[in-house]
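Containing mmCIF, C-alpha atoms and all ligand atoms: upload.cif.
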```cif
data_final
loop_
_atom_site.label_atom_id
_atom_site.label_comp_id
_atom_site.auth_asym_id
_atom_site.auth_seq_id
_atom_site.Cartn_x
_atom_site.Cartn_y
_atom_site.Cartn_z
CA MET A 267 -58.52 -78.58 -65.48
CA SER A 268 -55.34 -76.56 -66.00
CA LYS A 269 -54.49 -73.58 -63.83
CA LYS A 270 -56.21 -70.36 -64.92
CA ILE A 271 -53.78 -67.56 -65.66
CA TYR A 272 -54.81 -64.05 -64.69
CA LEU A 273 -53.02 -61.11 -66.28
CA ILE A 274 -53.61 -58.19 -63.93
CA THR A 275 -52.51 -54.83 -65.28
CA GLY A 276 -52.01 -52.08 -62.69
CA GLY A 277 -51.93 -54.71 -59.94
CA ALA A 278 -49.49 -52.73 -57.77
CA GLY A 279 -52.04 -49.96 -57.20
CA PHE A 280 -54.82 -49.72 -54.64
CA ILE A 281 -57.65 -51.81 -56.11
CA GLY A 282 -55.44 -54.11 -58.20
CA SER A 283 -53.37 -55.18 -55.18
CA ASN A 284 -56.51 -55.80 -53.13
CA TYR A 285 -57.89 -57.88 -56.01
CA ILE A 286 -54.73 -60.00 -56.23
CA ARG A 287 -54.83 -60.60 -52.47
CA TYR A 288 -58.52 -61.54 -52.74
CA LEU A 289 -57.83 -64.01 -55.58
CA PHE A 290 -55.10 -65.76 -53.60
CA LYS A 291 -57.38 -65.94 -50.56
CA ARG A 292 -60.07 -67.55 -52.69
CA TYR A 293 -58.18 -69.86 -55.07
CA LYS A 294 -55.14 -72.13 -54.63
CA ASP A 295 -54.78 -73.23 -58.23
CA ILE A 296 -54.32 -70.03 -60.21
CA MET A 297 -51.36 -68.15 -61.64
CA ILE A 298 -51.20 -64.35 -61.46
CA VAL A 299 -49.06 -62.18 -63.70
CA ASN A 300 -49.01 -58.55 -62.57
CA LEU A 301 -47.88 -56.02 -65.19
CA ASP A 302 -47.41 -52.58 -63.68
CA LYS A 303 -45.38 -49.53 -64.65
CA LEU A 304 -44.91 -48.51 -61.00
CA THR A 305 -45.89 -44.90 -61.41
CA TYR A 306 -45.99 -42.75 -58.25
CA ALA A 307 -49.22 -44.66 -57.38
CA GLY A 308 -47.81 -48.15 -57.92
CA ASN A 309 -46.08 -49.72 -54.95
CA THR A 310 -44.60 -53.20 -54.61
CA ALA A 311 -45.01 -52.85 -50.83
CA ASN A 312 -48.75 -53.31 -51.45
CA LEU A 313 -48.04 -56.98 -52.18
CA LYS A 314 -45.13 -57.75 -49.84
CA ASP A 315 -46.95 -60.75 -48.40
CA ILE A 316 -47.58 -62.20 -51.88
CA GLU A 317 -44.36 -61.55 -53.79
CA SER A 318 -42.62 -64.80 -52.84
CA SER A 319 -45.58 -66.97 -53.90
CA GLU A 320 -44.63 -69.40 -56.68
CA ASN A 321 -47.97 -68.61 -58.36
CA TYR A 322 -47.19 -64.91 -58.68
CA ILE A 323 -45.05 -63.07 -61.21
CA PHE A 324 -44.43 -59.33 -61.18
CA ILE A 325 -43.33 -57.55 -64.35
CA LYS A 326 -42.46 -53.88 -64.35
CA GLY A 327 -43.77 -52.52 -67.63
CA ASP A 328 -46.01 -50.04 -69.40
CA ILE A 329 -49.33 -51.11 -70.93
CA CYS A 330 -48.66 -48.55 -73.69
CA ASP A 331 -45.57 -50.52 -74.73
CA ASN A 332 -46.66 -52.91 -77.46
CA GLY A 333 -43.41 -54.95 -77.21
CA VAL A 334 -43.76 -55.57 -73.47
CA VAL A 335 -47.46 -56.43 -73.66
CA ASN A 336 -46.94 -58.85 -76.57
CA LYS A 337 -44.03 -60.51 -74.78
CA VAL A 338 -46.17 -61.06 -71.68
CA PHE A 339 -48.94 -62.60 -73.79
CA ARG A 340 -46.56 -64.90 -75.69
CA GLU A 341 -44.76 -66.01 -72.55
CA TYR A 342 -47.72 -66.57 -70.22
CA HIS A 343 -50.80 -67.08 -72.44
CA PRO A 344 -53.26 -65.46 -70.01
CA ASP A 345 -56.84 -66.72 -69.84
CA TYR A 346 -58.17 -63.55 -68.25
CA LEU A 347 -57.03 -59.95 -68.47
CA ILE A 348 -58.30 -57.50 -65.83
CA ASN A 349 -57.19 -53.98 -66.63
CA PHE A 350 -56.81 -51.79 -63.54
CA ALA A 351 -53.88 -49.79 -64.96
CA ALA A 352 -54.74 -46.11 -65.16
CA GLU A 353 -53.87 -42.66 -64.04
CA SER A 354 -56.63 -42.36 -61.47
CA HIS A 355 -56.56 -39.04 -59.62
CA VAL A 356 -58.97 -36.35 -60.88
CA ASP A 357 -56.97 -33.44 -59.40
CA ARG A 358 -53.80 -34.52 -61.21
CA SER A 359 -55.74 -34.85 -64.48
CA ILE A 360 -56.81 -31.22 -64.20
CA GLY A 361 -53.21 -30.03 -63.86
CA ASN A 362 -51.67 -32.42 -66.35
CA PRO A 363 -53.88 -34.59 -68.58
CA ASP A 364 -51.12 -36.08 -70.83
CA ASP A 365 -50.51 -39.35 -69.00
CA PHE A 366 -54.25 -39.85 -68.53
CA ILE A 367 -54.90 -39.77 -72.24
CA ARG A 368 -51.92 -41.99 -72.90
CA THR A 369 -52.57 -44.74 -70.34
CA ASP A 370 -56.35 -44.60 -69.98
CA ILE A 371 -57.01 -44.63 -73.75
CA PHE A 372 -53.91 -45.64 -75.72
CA GLY A 373 -52.86 -48.23 -73.10
CA VAL A 374 -56.30 -49.86 -73.30
CA TYR A 375 -55.94 -50.00 -77.09
CA ILE A 376 -52.59 -51.83 -76.82
CA LEU A 377 -54.11 -54.39 -74.41
CA LEU A 378 -57.13 -54.89 -76.67
CA GLU A 379 -54.96 -55.37 -79.76
CA ALA A 380 -52.77 -57.98 -78.04
CA SER A 381 -55.91 -59.77 -76.80
CA LYS A 382 -57.41 -59.76 -80.29
CA GLU A 383 -54.23 -61.05 -81.92
CA LEU A 384 -53.12 -63.55 -79.30
CA GLY A 385 -56.44 -64.58 -77.70
CA ILE A 386 -58.15 -64.09 -74.36
CA GLU A 387 -61.10 -65.82 -72.64
CA ARG A 388 -62.27 -62.65 -70.84
CA PHE A 389 -61.14 -59.02 -71.00
CA ILE A 390 -62.42 -57.01 -68.04
CA GLN A 391 -62.06 -53.25 -68.43
CA ILE A 392 -62.24 -51.54 -65.03
CA SER A 393 -64.08 -48.34 -65.84
CA THR A 394 -65.71 -45.92 -63.40
CA ASP A 395 -69.03 -44.30 -62.44
CA GLU A 396 -67.44 -40.96 -63.42
CA VAL A 397 -68.12 -41.72 -67.10
CA TYR A 398 -71.79 -40.78 -66.54
CA GLY A 399 -70.91 -37.37 -65.11
CA SER A 400 -72.87 -35.73 -62.32
CA ILE A 401 -76.54 -36.36 -61.44
CA GLU A 402 -78.72 -34.16 -59.24
CA LYS A 403 -81.51 -36.65 -58.47
CA GLY A 404 -81.97 -40.36 -59.14
CA SER A 405 -79.28 -42.80 -60.25
CA PHE A 406 -77.56 -43.81 -63.47
CA THR A 407 -78.24 -47.20 -65.04
CA GLU A 408 -75.94 -48.84 -67.57
CA GLU A 409 -78.19 -47.41 -70.29
CA SER A 410 -77.75 -43.78 -69.18
CA SER A 411 -75.86 -41.47 -71.49
CA LEU A 412 -72.19 -40.76 -70.83
CA LYS A 413 -71.23 -37.20 -69.98
CA PRO A 414 -67.76 -37.16 -68.42
CA SER A 415 -66.62 -33.72 -67.36
CA ASN A 416 -62.94 -33.82 -66.37
CA PRO A 417 -59.87 -35.10 -68.24
CA TYR A 418 -59.70 -38.22 -66.02
CA SER A 419 -63.30 -39.25 -66.59
CA ALA A 420 -63.16 -38.30 -70.27
CA SER A 421 -60.10 -40.48 -70.85
CA LYS A 422 -61.68 -43.34 -68.87
CA THR A 423 -64.75 -42.99 -71.11
CA GLY A 424 -62.46 -43.32 -74.14
CA GLY A 425 -61.02 -46.58 -72.74
CA ASP A 426 -64.48 -47.84 -71.77
CA ARG A 427 -65.97 -47.30 -75.24
CA LEU A 428 -62.86 -48.53 -77.05
CA ALA A 429 -63.12 -51.78 -75.09
CA TYR A 430 -66.78 -52.06 -76.08
CA SER A 431 -65.89 -51.45 -79.74
CA TYR A 432 -63.57 -54.49 -79.71
CA PHE A 433 -66.54 -56.60 -78.60
CA ALA A 434 -68.94 -55.08 -81.13
CA THR A 435 -66.48 -55.07 -84.04
CA TYR A 436 -64.22 -58.07 -83.48
CA GLY A 437 -66.21 -60.20 -81.04
CA LEU A 438 -63.57 -59.89 -78.31
CA PRO A 439 -65.07 -61.21 -75.02
CA VAL A 440 -65.04 -57.86 -73.22
CA ILE A 441 -66.96 -56.93 -70.04
CA ILE A 442 -66.91 -53.42 -68.61
CA THR A 443 -67.41 -52.54 -64.93
CA ARG A 444 -68.25 -49.09 -63.58
CA ALA A 445 -67.78 -48.79 -59.83
CA SER A 446 -68.31 -45.95 -57.41
CA ASN A 447 -65.72 -44.44 -55.02
CA ASN A 448 -63.62 -47.14 -53.36
CA PHE A 449 -62.00 -46.99 -49.94
CA GLY A 450 -59.94 -49.42 -47.88
CA PRO A 451 -56.35 -50.49 -47.12
CA TYR A 452 -53.49 -49.54 -49.46
CA GLN A 453 -55.22 -46.50 -51.02
CA TYR A 454 -52.70 -43.83 -51.95
CA PRO A 455 -53.04 -40.94 -49.48
CA GLU A 456 -54.05 -38.35 -52.08
CA LYS A 457 -57.68 -39.56 -52.22
CA LEU A 458 -60.25 -38.18 -49.80
CA ILE A 459 -60.48 -40.93 -47.16
CA PRO A 460 -56.79 -41.92 -46.81
CA LEU A 461 -55.70 -38.27 -47.05
CA PHE A 462 -58.06 -37.15 -44.31
CA VAL A 463 -57.38 -40.15 -42.06
CA THR A 464 -53.59 -39.79 -42.29
CA ASN A 465 -53.70 -35.98 -41.94
CA ALA A 466 -55.96 -36.27 -38.89
CA LEU A 467 -53.66 -38.88 -37.34
CA GLU A 468 -50.91 -36.25 -37.56
CA ASP A 469 -53.17 -33.38 -36.43
CA LYS A 470 -52.87 -31.72 -39.83
CA GLN A 471 -55.61 -29.80 -41.63
CA LEU A 472 -58.27 -31.58 -43.71
CA PRO A 473 -58.76 -29.53 -46.91
CA ILE A 474 -62.42 -29.72 -47.98
CA TYR A 475 -63.26 -28.41 -51.46
CA GLY A 476 -66.02 -25.83 -51.90
CA ASP A 477 -68.98 -26.18 -49.53
CA GLY A 478 -68.16 -29.82 -48.69
CA ARG A 479 -71.59 -30.95 -49.85
CA ASN A 480 -70.61 -32.89 -52.98
CA VAL A 481 -71.91 -36.44 -52.79
CA ARG A 482 -70.03 -39.65 -53.50
CA ASP A 483 -71.22 -43.25 -53.19
CA TRP A 484 -68.70 -45.26 -51.12
CA LEU A 485 -67.80 -48.86 -51.89
CA PHE A 486 -65.47 -50.94 -49.70
CA VAL A 487 -62.63 -52.24 -51.87
CA GLU A 488 -63.15 -55.88 -50.80
CA ASP A 489 -66.79 -55.70 -51.99
CA HIS A 490 -65.50 -54.28 -55.28
CA CYS A 491 -63.03 -57.16 -55.66
CA ILE A 492 -65.74 -59.74 -54.95
CA ALA A 493 -67.95 -58.06 -57.56
CA ILE A 494 -65.23 -58.05 -60.24
CA GLU A 495 -64.53 -61.76 -59.76
CA PHE A 496 -68.28 -62.46 -59.75
CA ILE A 497 -68.68 -60.57 -63.03
CA LEU A 498 -65.67 -62.33 -64.56
CA GLN A 499 -67.27 -65.70 -63.81
CA LYS A 500 -70.98 -64.92 -64.27
CA GLY A 501 -71.21 -61.76 -66.40
CA LYS A 502 -72.24 -61.71 -70.03
CA VAL A 503 -69.73 -60.57 -72.65
CA GLY A 504 -70.40 -57.21 -74.29
CA GLU A 505 -72.21 -55.97 -71.17
CA VAL A 506 -71.56 -53.15 -68.74
CA TYR A 507 -72.13 -53.63 -64.97
CA ASN A 508 -72.47 -50.85 -62.43
CA ILE A 509 -71.00 -51.67 -59.00
CA ALA A 510 -72.41 -49.49 -56.23
CA GLY A 511 -71.67 -49.14 -52.55
CA ALA A 512 -75.22 -47.99 -51.70
CA SER A 513 -73.66 -45.50 -49.25
CA GLU A 514 -74.06 -41.97 -50.56
CA LYS A 515 -72.52 -39.32 -48.32
CA GLU A 516 -71.66 -35.65 -48.50
CA ASN A 517 -67.92 -35.06 -48.13
CA ILE A 518 -68.50 -33.16 -44.89
CA GLN A 519 -70.39 -36.15 -43.44
CA ILE A 520 -67.47 -38.46 -44.24
CA THR A 521 -65.06 -35.95 -42.73
CA ASN A 522 -67.02 -35.64 -39.49
CA HIS A 523 -67.33 -39.42 -39.31
CA ILE A 524 -63.55 -39.86 -39.67
CA LEU A 525 -62.84 -37.22 -37.01
CA GLU A 526 -65.32 -38.83 -34.64
CA LEU A 527 -63.85 -42.33 -35.10
CA LEU A 528 -60.35 -40.93 -34.46
CA GLY A 529 -61.48 -38.83 -31.51
CA LYS A 530 -60.14 -35.66 -33.17
CA SER A 531 -61.58 -32.14 -33.12
CA ASN A 532 -63.42 -30.74 -36.13
CA SER A 533 -61.24 -27.64 -35.84
CA LEU A 534 -58.95 -29.61 -38.21
CA ILE A 535 -61.48 -28.98 -41.00
CA HIS A 536 -60.23 -26.38 -43.45
CA TYR A 537 -62.39 -25.19 -46.37
CA VAL A 538 -60.33 -24.54 -49.53
CA ALA A 539 -61.10 -23.42 -53.11
CA ASP A 540 -63.36 -25.80 -55.00
CA ARG A 541 -62.01 -28.35 -57.51
CA ILE A 542 -62.48 -26.94 -61.04
CA GLY A 543 -65.43 -28.62 -62.78
CA HIS A 544 -66.22 -30.51 -59.55
CA ASP A 545 -68.99 -33.07 -60.21
CA ARG A 546 -71.71 -32.54 -57.61
CA ARG A 547 -73.07 -36.01 -57.14
CA TYR A 548 -72.43 -39.55 -58.36
CA SER A 549 -75.10 -42.19 -57.99
CA LEU A 550 -75.43 -45.65 -59.50
CA ASP A 551 -78.33 -48.01 -59.96
CA ALA A 552 -76.74 -51.47 -59.64
CA SER A 553 -79.94 -53.54 -60.09
CA LYS A 554 -78.42 -55.36 -63.07
CA LEU A 555 -75.63 -56.74 -60.87
CA TYR A 556 -77.97 -57.56 -57.95
CA ASN A 557 -80.23 -59.42 -60.41
CA LEU A 558 -77.22 -61.46 -61.53
CA GLY A 559 -76.79 -62.52 -57.87
CA TRP A 560 -74.10 -60.27 -56.37
CA LYS A 561 -74.57 -59.23 -52.77
CA GLN A 562 -72.68 -56.55 -50.92
CA GLU A 563 -71.00 -58.04 -47.84
CA TYR A 564 -69.74 -55.01 -45.92
CA GLU A 565 -71.65 -52.30 -44.08
CA PHE A 566 -70.19 -48.81 -44.63
CA GLY A 567 -69.64 -47.89 -40.95
CA ASP A 568 -67.86 -51.17 -40.14
CA ALA A 569 -65.73 -50.96 -43.28
CA LEU A 570 -64.72 -47.37 -42.48
CA LYS A 571 -63.73 -48.41 -38.94
CA GLU A 572 -61.69 -51.30 -40.33
CA THR A 573 -60.02 -48.98 -42.85
CA ILE A 574 -59.11 -46.39 -40.21
CA GLN A 575 -57.68 -49.11 -37.99
CA TRP A 576 -55.53 -50.28 -40.90
CA TYR A 577 -54.08 -46.77 -41.44
CA LYS A 578 -53.46 -46.47 -37.69
CA GLU A 579 -51.52 -49.74 -37.69
CA ASN A 580 -49.65 -49.16 -40.96
CA SER A 581 -47.96 -45.78 -40.72
CA ASP A 582 -44.82 -47.56 -42.03
CA TRP A 583 -46.71 -47.98 -45.28
CA TRP A 584 -48.13 -44.46 -45.73
CA LYS A 585 -45.56 -42.17 -44.08
CA PRO A 586 -42.87 -42.73 -46.75
CA LEU A 587 -45.46 -41.96 -49.47
CA LYS A 588 -46.07 -38.48 -48.04
CA SER A 589 -42.67 -37.14 -49.04
CA GLY A 590 -40.74 -35.84 -52.08
CA GLU A 591 -42.93 -35.25 -55.16
CA TYR A 592 -46.06 -35.72 -53.01
CA LEU A 593 -45.18 -32.67 -50.91
CA GLU A 594 -44.53 -30.59 -54.03
CA PHE A 595 -47.90 -31.64 -55.51
CA TYR A 596 -49.60 -30.88 -52.19
CA LYS A 597 -48.13 -27.42 -51.90
CA LYS A 598 -48.91 -26.49 -55.49
CA HIS A 599 -52.38 -27.98 -55.43
CA TYR A 600 -53.65 -26.88 -52.01
CA GLY A 601 -51.56 -23.74 -51.72
CA MET A 602 -50.37 -24.84 -48.28
CA GLU A 603 -47.59 -26.88 -46.71
CA LEU A 604 -48.44 -30.30 -45.37
P1 LIG B 1 -54.19 -46.41 -58.48
O1 LIG B 1 -53.80 -45.08 -59.00
O2 LIG B 1 -54.06 -46.71 -57.03
O3 LIG B 1 -53.37 -47.55 -59.25
C1 LIG B 1 -53.12 -47.51 -60.63
C2 LIG B 1 -52.04 -48.53 -60.93
O4 LIG B 1 -51.82 -48.52 -62.35
C3 LIG B 1 -50.68 -48.19 -60.29
O5 LIG B 1 -50.11 -49.37 -59.73
C4 LIG B 1 -49.83 -47.69 -61.44
O6 LIG B 1 -48.45 -47.91 -61.29
C5 LIG B 1 -50.41 -48.48 -62.61
N1 LIG B 1 -50.20 -47.84 -63.90
C6 LIG B 1 -50.46 -46.53 -64.24
N2 LIG B 1 -50.11 -46.31 -65.52
C7 LIG B 1 -49.67 -47.49 -66.01
C8 LIG B 1 -49.18 -47.91 -67.28
N3 LIG B 1 -49.08 -47.06 -68.31
N4 LIG B 1 -48.80 -49.19 -67.44
C9 LIG B 1 -48.88 -50.08 -66.40
N5 LIG B 1 -49.31 -49.73 -65.18
C10 LIG B 1 -49.70 -48.46 -64.99
O7 LIG B 1 -55.69 -46.64 -58.97
P2 LIG B 1 -56.89 -47.39 -58.26
O8 LIG B 1 -57.61 -46.45 -57.39
O9 LIG B 1 -56.41 -48.71 -57.75
O10 LIG B 1 -57.83 -47.64 -59.54
C11 LIG B 1 -57.66 -48.82 -60.33
C12 LIG B 1 -58.64 -48.77 -61.49
O11 LIG B 1 -59.97 -48.67 -61.00
C13 LIG B 1 -58.45 -47.54 -62.40
O12 LIG B 1 -58.66 -47.96 -63.71
C14 LIG B 1 -59.54 -46.58 -61.96
O13 LIG B 1 -59.93 -45.75 -63.02
C15 LIG B 1 -60.65 -47.55 -61.57
N6 LIG B 1 -61.59 -47.08 -60.53
C16 LIG B 1 -61.12 -46.57 -59.36
C17 LIG B 1 -62.03 -46.20 -58.36
C18 LIG B 1 -61.55 -45.63 -57.04
O14 LIG B 1 -62.37 -45.14 -56.28
N7 LIG B 1 -60.26 -45.68 -56.72
C19 LIG B 1 -63.40 -46.34 -58.58
C20 LIG B 1 -63.84 -46.86 -59.80
C21 LIG B 1 -62.92 -47.25 -60.76
O1 LIG B 2 -66.19 -42.28 -58.52
C1 LIG B 2 -65.11 -43.12 -58.82
C2 LIG B 2 -63.84 -42.32 -58.83
O2 LIG B 2 -63.59 -41.98 -57.46
C3 LIG B 2 -62.65 -43.07 -59.41
O3 LIG B 2 -62.90 -43.32 -60.77
C4 LIG B 2 -61.36 -42.24 -59.25
O4 LIG B 2 -60.25 -42.96 -59.69
C5 LIG B 2 -61.20 -41.89 -57.79
O5 LIG B 2 -60.07 -41.05 -57.63
C6 LIG B 2 -62.43 -41.22 -57.22
O6 LIG B 2 -62.60 -39.88 -57.75
P1 LIG B 2 -63.10 -38.66 -56.82
O7 LIG B 2 -62.65 -37.42 -57.44
O8 LIG B 2 -64.54 -38.82 -56.48
O9 LIG B 2 -62.26 -39.03 -55.49
P2 LIG B 2 -61.41 -38.11 -54.49
O10 LIG B 2 -61.04 -38.99 -53.35
O11 LIG B 2 -60.33 -37.35 -55.18
O12 LIG B 2 -62.50 -37.07 -53.99
C7 LIG B 2 -63.70 -37.49 -53.35
C8 LIG B 2 -64.51 -36.23 -53.02
O13 LIG B 2 -63.82 -35.50 -52.01
C9 LIG B 2 -64.67 -35.28 -54.18
O14 LIG B 2 -65.95 -34.65 -54.10
C10 LIG B 2 -63.57 -34.24 -53.97
C11 LIG B 2 -63.47 -34.18 -52.46
N1 LIG B 2 -62.13 -33.85 -51.92
C12 LIG B 2 -61.08 -34.61 -52.32
C13 LIG B 2 -59.80 -34.34 -51.87
C14 LIG B 2 -58.62 -35.16 -52.32
C15 LIG B 2 -61.97 -32.82 -51.03
O15 LIG B 2 -62.95 -32.13 -50.64
N2 LIG B 2 -60.70 -32.53 -50.58
C16 LIG B 2 -59.62 -33.24 -50.96
O16 LIG B 2 -58.50 -32.92 -50.53
#
```

Take the structure I supplied and represent it as structure tokens, if you would.
Ligand code: NAD
Ligand code: DAU
Amino acid sequence: MSKKIYLITGGAGFIGSNYIRYLFKRYKDIMIVNLDKLTYAGNTANLKDIESSENYIFIKGDICDNGVVNKVFREYHPDYLINFAAESHVDRSIGNPDDFIRTDIFGVYILLEASKELGIERFIQISTDEVYGSIEKGSFTEESSLKPSNPYSASKTGGDRLAYSYFATYGLPVIITRASNNFGPYQYPEKLIPLFVTNALEDKQLPIYGDGRNVRDWLFVEDHCIAIEFILQKGKVGEVYNIAGASEKENIQITNHILELLGKSNSLIHYVADRIGHDRRYSLDASKLYNLGWKQEYEFGDALKETIQWYKENSDWWKPLKSGEYLEFYKKHYGMEL
């Protein structure tokens, strides 16, 4: 059997880089092509240990650029395309939605068109639980209606449904995944867990939005990667799969847990103005994926400990990220200096 070729788009970001590392840990006989624009969130340092592998090719390029995407298809003939590329931070989408609409909708269209014209065995669109919107009680199944409520989740919903339309209309072998909040190594320190861990390590304030009681379901990134690969191999085309962490927590609970694990005082907690349109609670029913045979491998508390340890040991990775444009965004967004 010839080597399978994976085209990973957005592979220099948090989840994409963890997925590439997971694939290389699991398979010897694959080829990975990573197409990434290297936005502020993309970082080649995320894959330092992989970049010299003869089975790995990095291409700096934009998924919205038809010429680049077509060239990659013609040169490498990928078997699988897994699209992680996106603008991913809700707060940035509130201030400036342009790039979200461009990459998270138009970029998906360009990838779908190239796949339709030049062929693909599987197209995995990495969507998100945010497409369902907020839920007070109970959990969303894949059949629930979609009610995104911020520019990030609305643009992700556009990409999600566009991908489905290429299955329904043209028979493209598309599968869509919708995961809950990820955490783990290499997450850009603007998201809740890495921001609070790195701020606490430096005895800086932890800015909690509103009353701190919004609920998110937390999924360790390695479990997410295992699930994506499982779905790629075992999932049915045209289907959507929820991927849950089964660990729902209020933001204040997570914050206290981080402070406790770091041995820091909760006087670092600082309540700030709420996020506009802040979804109260996300919750997924992932029975469909469990019934297919996927099992979660990591327990939340252990995975959080492991993650914190990683940030403690890798300040060389995150300290340079908290500079320049990041500091400007921080000041404008939180109304305080870091
Ligand atoms: P991230 O912001 O860390 O990484 C995004 C990557 O995409 C970066 O490497 C960036 O350079 C690249 N990129 C952005 N625009 C691009 C473009 N036009 N062309 C090529 N590359 C581009 O994001 P993440 O947290 O790793 O999320 C990855 C995917 O998973 C996203 O699609 C996101 O919506 C989805 N998702 C994330 C979570 C989460 O909790 N982080 C949960 C569910 C789903
Ligand atoms: O649910 C999946 C989504 O999770 C992904 O699709 C997104 O790409 C990802 O960014 C994430 O979105 P959230 O908005 O849930 O994640 P974030 O880490 O930004 O915030 C988590 C919760 O913490 C949310 O209720 C807002 C709150 N928060 C966040 C930050 C950055 C704070 O209270 N203070 C903060 O400074």

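Closest approach to A:Phe366 from the set A:Phe389, A:Lys597, A:Trp560, A:Lys422 is made by A:Lys422, with distances taken over only C-alpha atoms.
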
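Shortest separation to A:Ile371 among A:Glu341, A:Glu317, A:Glu505, A:Glu353 occurs at residue A:Glu353, atoms counted being all atoms listed in the file.
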
7 Å shell around ligand LIG 1 (chain B) using all atoms listed in the file, listed as a ChimeraX atom specification:
/A:275-282,301-309,327-330,349-355,369,373,392-395,422,444-449,453-454

With only C-alpha atoms and all ligand atoms counted, collect every polymer residue having an atom within 8 Å of ligand LIG 2 (chain B); state the result as a count of residues only.
41

Record the distance separating atom CA of A:Ile542 and atom CA of A:Ile401, expressed in Å with one decimal.
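A separation of 16.9 Å between them.
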
Distance in Å - atom CA of A:Tyr398 versus atom CA of A:Ile348:
21.5 Å

Given the point (-49.5, -27.2, -45.8) in the file's coordinates, find the residues that have an atom at most 10 Å from it, counting only C-alpha atoms, and give them as a ChimeraX atom specification.
/A:470-471,473,593,596-598,600-604

Between atom CA of A:Lys269 and atom CA of A:Phe486, what is the spacing in Å?
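Atom CA of A:Lys269 lies at a distance of 28.9 Å from atom CA of A:Phe486.
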
Judged by only C-alpha atoms, the minimum distance to A:Val397 among A:Leu498, A:Ile376, A:Ala420, A:Val334 is found for A:Ala420

Given the choices A:Cys491, A:Leu467, A:Ala510, A:Ile497, which gets closest to A:Lys578 if the distance is worked out from only C-alpha atoms?
A:Leu467

Tell me which residues come within 12 Å of (-49.3, -62.2, -50.2), as a list of chain:residue names, counting only C-alpha atoms in the file's coordinates.
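Output of the proximity query reads A:Ser283, A:Asn284, A:Tyr285, A:Ile286, A:Arg287, A:Tyr288, A:Leu289, A:Phe290, A:Lys291, A:Ile298, A:Thr310, A:Ala311, A:Asn312, A:Leu313, A:Lys314, A:Asp315, A:Ile316, A:Glu317, A:Ser318, A:Ser319, A:Glu320, A:Asn321, A:Tyr322, A:Ile323.
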